[in-house]
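Have a look at input-v5.txt below; it lists compact mmCIF, C-alpha atoms.
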# COMPACT_ATOMS: atom_id res chain seq x y z
CA MET A 1 26.12 41.45 309.94
CA ASN A 2 25.45 37.72 309.72
CA ARG A 3 28.04 35.62 311.45
CA LEU A 4 28.43 31.89 311.41
CA PRO A 5 27.85 30.13 314.73
CA PHE A 6 31.15 29.34 316.43
CA ARG A 7 30.86 25.60 315.76
CA PHE A 8 31.05 26.37 312.01
CA GLN A 9 33.81 28.98 312.26
CA ARG A 10 36.50 26.58 313.43
CA PRO A 11 36.21 24.09 310.52
CA ALA A 12 36.15 27.01 308.08
CA LEU A 13 39.31 28.43 309.65
CA VAL A 14 41.01 25.02 309.62
CA PHE A 15 40.20 24.59 305.92
CA LEU A 16 41.43 28.11 305.18
CA GLY A 17 44.64 27.36 307.12
CA ILE A 18 45.19 24.17 305.14
CA LEU A 19 44.57 26.03 301.90
CA ILE A 20 47.05 28.78 302.78
CA ALA A 21 49.63 26.29 304.07
CA SER A 22 49.28 24.14 300.96
CA GLN A 23 50.04 27.12 298.74
CA ALA A 24 53.09 27.98 300.85
CA VAL A 25 54.34 24.39 300.87
CA LEU A 26 53.57 23.98 297.17
CA ALA A 27 56.88 25.61 296.38
CA SER A 28 58.70 22.82 298.24
CA GLY A 29 57.17 19.99 296.19
CA ARG A 30 59.10 18.26 293.42
CA PRO A 31 58.81 20.45 290.29
CA ASP A 32 57.43 17.62 288.10
CA VAL A 33 54.85 16.61 290.71
CA ARG A 34 53.96 20.24 291.44
CA SER A 35 53.18 20.99 287.79
CA ASN A 36 51.13 17.76 287.59
CA TRP A 37 49.25 18.86 290.73
CA GLU A 38 48.47 22.27 289.24
CA VAL A 39 46.97 20.66 286.11
CA PHE A 40 45.05 18.17 288.27
CA ALA A 41 43.71 20.86 290.66
CA ALA A 42 42.61 23.08 287.75
CA LYS A 43 40.10 20.39 286.72
CA SER A 44 38.17 20.75 290.00
CA ASN A 45 35.10 22.98 290.12
CA VAL A 46 35.55 23.65 293.86
CA PRO A 47 38.57 24.90 295.83
CA VAL A 48 41.10 22.17 296.53
CA ALA A 49 43.83 21.87 299.13
CA VAL A 50 46.95 19.76 299.41
CA THR A 51 49.57 19.12 302.06
CA TRP A 52 53.03 18.12 300.87
CA SER A 53 55.53 15.64 302.24
CA SER A 54 58.75 17.44 303.05
CA ARG A 55 60.59 14.12 302.68
CA THR A 56 59.32 12.95 299.27
CA GLY A 57 58.08 16.21 297.72
CA THR A 58 54.78 14.53 296.84
CA PRO A 59 51.24 15.13 298.14
CA ASP A 60 50.48 13.81 301.63
CA SER A 61 46.78 14.66 301.69
CA MET A 62 44.46 16.15 299.11
CA TYR A 63 41.02 17.65 299.76
CA GLY A 64 38.45 18.72 297.19
CA ARG A 65 36.06 17.20 294.67
CA PHE A 66 38.18 15.19 292.26
CA THR A 67 35.62 13.17 290.29
CA ALA A 68 32.04 13.50 289.11
CA ARG A 69 29.19 11.74 290.90
CA GLY A 70 29.14 8.03 290.30
CA ASP A 71 29.80 4.66 291.80
CA ALA A 72 32.50 3.87 294.34
CA SER A 73 34.42 0.63 293.97
CA GLU A 74 37.90 -0.79 294.30
CA ARG A 75 38.19 -0.88 290.52
CA LEU A 76 37.25 2.80 290.21
CA ALA A 77 39.60 3.77 293.05
CA ARG A 78 42.43 1.99 291.22
CA GLN A 79 41.42 3.70 287.97
CA PHE A 80 41.46 7.11 289.70
CA LEU A 81 44.97 6.43 291.04
CA SER A 82 46.15 5.17 287.66
CA ASP A 83 44.74 8.18 285.82
CA ASN A 84 46.55 10.50 288.25
CA ALA A 85 49.75 8.50 288.81
CA ASP A 86 51.89 11.51 287.79
CA VAL A 87 50.45 13.53 290.67
CA PHE A 88 51.44 10.80 293.16
CA ALA A 89 54.79 9.86 291.49
CA MET A 90 53.65 6.24 291.38
CA ARG A 91 53.36 3.44 288.82
CA ARG A 92 50.59 4.02 286.32
CA ASP A 93 49.57 0.33 286.25
CA VAL A 94 48.96 0.35 290.07
CA ALA A 95 50.09 -3.30 290.15
CA ASP A 96 52.13 -2.44 293.26
CA LEU A 97 49.01 -1.61 295.29
CA GLU A 98 47.31 -4.28 297.38
CA LEU A 99 43.85 -3.63 298.83
CA VAL A 100 44.07 -3.87 302.62
CA ARG A 101 40.83 -2.20 303.68
CA ALA A 102 37.48 -1.37 302.13
CA ILE A 103 34.88 0.10 304.45
CA GLU A 104 31.60 1.91 304.25
CA SER A 105 30.91 4.68 306.74
CA PRO A 106 28.24 7.35 307.21
CA LEU A 107 30.46 9.62 305.08
CA GLY A 108 30.89 7.23 302.14
CA ARG A 109 33.21 4.46 300.99
CA HIS A 110 36.91 4.26 301.74
CA TYR A 111 39.55 2.13 299.99
CA THR A 112 43.06 1.75 301.40
CA PHE A 113 45.89 0.13 299.46
CA ALA A 114 49.31 -0.91 300.76
CA GLN A 115 52.29 -0.28 298.50
CA THR A 116 54.55 -3.18 297.52
CA TYR A 117 57.77 -3.37 295.55
CA LYS A 118 58.36 -6.60 293.62
CA GLY A 119 55.82 -8.29 295.87
CA VAL A 120 57.39 -7.07 299.14
CA PRO A 121 55.37 -4.64 301.31
CA VAL A 122 56.95 -1.20 301.58
CA TYR A 123 57.12 -0.18 305.25
CA ALA A 124 54.63 2.49 306.38
CA THR A 125 53.19 3.24 302.95
CA GLU A 126 49.59 3.27 301.84
CA VAL A 127 47.16 5.31 299.80
CA SER A 128 43.55 5.88 300.76
CA VAL A 129 40.83 7.02 298.37
CA HIS A 130 37.73 8.37 300.10
CA TYR A 131 34.40 8.64 298.27
CA ASP A 132 31.56 10.76 299.60
CA ARG A 133 27.95 9.52 299.67
CA SER A 134 27.37 10.73 296.10
CA GLY A 135 30.29 8.68 294.79
CA ARG A 136 32.78 11.53 294.30
CA VAL A 137 36.41 11.26 295.38
CA GLY A 138 36.77 13.97 298.02
CA VAL A 139 39.91 13.05 299.94
CA VAL A 140 43.05 11.21 298.90
CA ASP A 141 45.84 10.33 301.35
CA PRO A 142 48.80 9.12 299.25
CA HIS A 143 51.50 8.20 301.78
CA LEU A 144 53.68 6.44 299.19
CA GLU A 145 57.31 6.11 298.26
CA PRO A 146 57.81 7.62 294.81
CA GLU A 147 58.45 5.07 292.06
CA HIS A 148 61.91 6.46 291.25
CA ALA A 149 62.97 6.06 294.91
CA LEU A 150 61.88 2.41 294.93
CA ARG A 151 63.82 1.65 291.74
CA THR A 152 66.93 3.28 293.24
CA LEU A 153 66.47 1.35 296.48
CA GLY A 154 66.04 -1.89 294.53
CA ARG A 155 69.42 -1.37 292.83
CA GLN A 156 71.05 -0.61 296.19
CA VAL A 157 69.57 -3.76 297.77
CA ALA A 158 70.80 -5.88 294.84
CA HIS A 159 74.29 -4.38 295.21
CA VAL A 160 74.40 -5.02 298.98
CA ARG A 161 73.07 -8.57 298.46
CA ALA A 162 75.86 -9.27 295.95
CA GLN A 163 78.44 -7.94 298.42
CA HIS A 164 77.08 -10.14 301.20
CA LEU A 165 77.08 -13.21 298.99
CA GLU A 166 80.71 -12.52 298.08
CA ILE A 167 81.61 -12.26 301.78
CA VAL A 168 79.92 -15.64 302.42
CA ARG A 169 81.80 -17.21 299.49
CA ARG A 170 85.14 -15.94 300.78
CA ARG A 171 84.44 -16.86 304.38
CA PHE A 172 83.10 -20.36 303.82
CA GLY A 173 84.50 -21.19 300.40
CA GLY A 174 82.53 -22.82 297.66
CA VAL A 175 79.57 -21.53 295.76
CA VAL A 176 76.46 -19.91 297.17
CA GLN A 177 73.39 -21.11 295.31
CA ARG A 178 69.73 -20.29 295.53
CA SER A 179 67.66 -23.11 297.01
CA PRO A 180 63.87 -23.34 297.16
CA ARG A 181 63.99 -22.00 300.74
CA GLY A 182 66.62 -19.29 300.27
CA PHE A 183 70.40 -19.53 299.88
CA ASP A 184 72.61 -22.53 300.67
CA SER A 185 76.35 -22.45 301.00
CA ARG A 186 78.06 -25.40 299.24
Please, can you express the file's structure as structure tokens?
Amino acid sequence: MNRLPFRFQRPALVFLGILIASQAVLASGRPDVRSNWEVFAAKSNVPVAVTWSSRTGTPDSMYGRFTARGDASERLARQFLSDNADVFAMRRDVADLELVRAIESPLGRHYTFAQTYKGVPVYATEVSVHYDRSGRVGVVDPHLEPEHALRTLGRQVAHVRAQHLEIVRRRFGGVVQRSPRGFDSR
């Protein structure tokens, strides 16, 4: 019986564990994102694995071979994210992603984008697209806030801002107007 040397057994077991866990956690993902993931994963010619965010119901990390061989560039990383925006529950135009890091390593090229909402950085969010040496996307780490959550948050912030402005008006009298540097009370 041929056995793998121990140094190869552990990574194989870790990958198998991730694969099994991803199938178990798959049921906890958002139904729309989960069905998009299943269509996306079916396109791969090798086994794929995903870990899911229990908070957002969207993928946290994805492992596999998601594109054909080719070039690796910021433009192509953005195109990959745009083409699969339904899997990540993000904007299709990727205008809310700002490149923060592009590095080349012995494993390939890696592009990391920070998420913004109306030009404001979203705390602790980013998506990384990792290309292998042959130019295939092999790992994606989409730690993002889903687009619907950001729209809801934007409405809540606007409502709270209006309440605060009304408090300022009542407290200090007069009209609160926008100035070039923020808000002035007059």
Would you be able to write out as a compact mmCIF listing (two decimals) with C-alpha atoms, in the coordinates of the input which residues have an atom within 12 Å of (37.1, 4.1, 289.6) in the file's coordinates, counting only C-alpha atoms?
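Dumped everything to selection28.txt:
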# COMPACT_ATOMS: atom_id res chain seq x y z
CA PHE A 66 38.18 15.19 292.26
CA THR A 67 35.62 13.17 290.29
CA ALA A 68 32.04 13.50 289.11
CA ARG A 69 29.19 11.74 290.90
CA GLY A 70 29.14 8.03 290.30
CA ASP A 71 29.80 4.66 291.80
CA ALA A 72 32.50 3.87 294.34
CA SER A 73 34.42 0.63 293.97
CA GLU A 74 37.90 -0.79 294.30
CA ARG A 75 38.19 -0.88 290.52
CA LEU A 76 37.25 2.80 290.21
CA ALA A 77 39.60 3.77 293.05
CA ARG A 78 42.43 1.99 291.22
CA GLN A 79 41.42 3.70 287.97
CA PHE A 80 41.46 7.11 289.70
CA LEU A 81 44.97 6.43 291.04
CA SER A 82 46.15 5.17 287.66
CA ASP A 83 44.74 8.18 285.82
CA ASN A 84 46.55 10.50 288.25
CA TYR A 111 39.55 2.13 299.99
CA VAL A 129 40.83 7.02 298.37
CA HIS A 130 37.73 8.37 300.10
CA TYR A 131 34.40 8.64 298.27
CA GLY A 135 30.29 8.68 294.79
CA ARG A 136 32.78 11.53 294.30
CA VAL A 137 36.41 11.26 295.38
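We find atom CA of A:Val94 and atom CA of A:Arg133 to be spaced 24.9 Å apart.
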Give the padded box for stretch 138-148 of chain A as lines of an AutoDock Vina configuration file: axis-aligned, covering all atoms listed in the file, 3 Å on each side, centre and edge lengths in Å to one decimal.
center_x = 49.3
center_y = 9.5
center_z = 296.5
size_x = 31.1
size_y = 14.9
size_z = 16.5
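When atom CA of A:Glu147 is paired with atom CA of A:Thr112, their separation reads 18.3 Å.
Interatomic distance, atom CA of A:Ala95 against atom CA of A:Gly138: 23.2 Å.
Using only C-alpha atoms, the smallest distance between any of A:Asp141, A:Ser128, A:Val39, A:Tyr117 and A:Ile103 comes from A:Ser128.
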I'd like to know which of A:Asp86, A:Gly64, A:Ser35, A:Val139 is closest to A:Leu107, using all atoms listed in the file.
A:Val139
Write out as an MDAnalysis selection string each polymer residue whose atoms come within 8 Å of A:Glu98, counting all atoms listed in the file; drop sequence neighbours fewer than 4 positions from it.
chainID A and resid 113:116
Selection above as a file: C-alpha atoms, as a PDB file, in the coordinates of the input:
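Contents of out-v2.pdb, as written:
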ATOM      1  CA  PHE A 113      45.890   0.130 299.460  1.00  0.00           C
ATOM      2  CA  ALA A 114      49.310  -0.910 300.760  1.00  0.00           C
ATOM      3  CA  GLN A 115      52.290  -0.280 298.500  1.00  0.00           C
ATOM      4  CA  THR A 116      54.550  -3.180 297.520  1.00  0.00           C
TER       5      THR A 116
END
List the neighbours of A:Pro59 out to 10 Å using only C-alpha atoms; skip same-chain residues closer than 2 positions along the sequence, and give me the result as an MDAnalysis selection string.
chainID A and resid 22 26 29:30 33:34 37 50:54 56:57 61:62 87:89 140:144
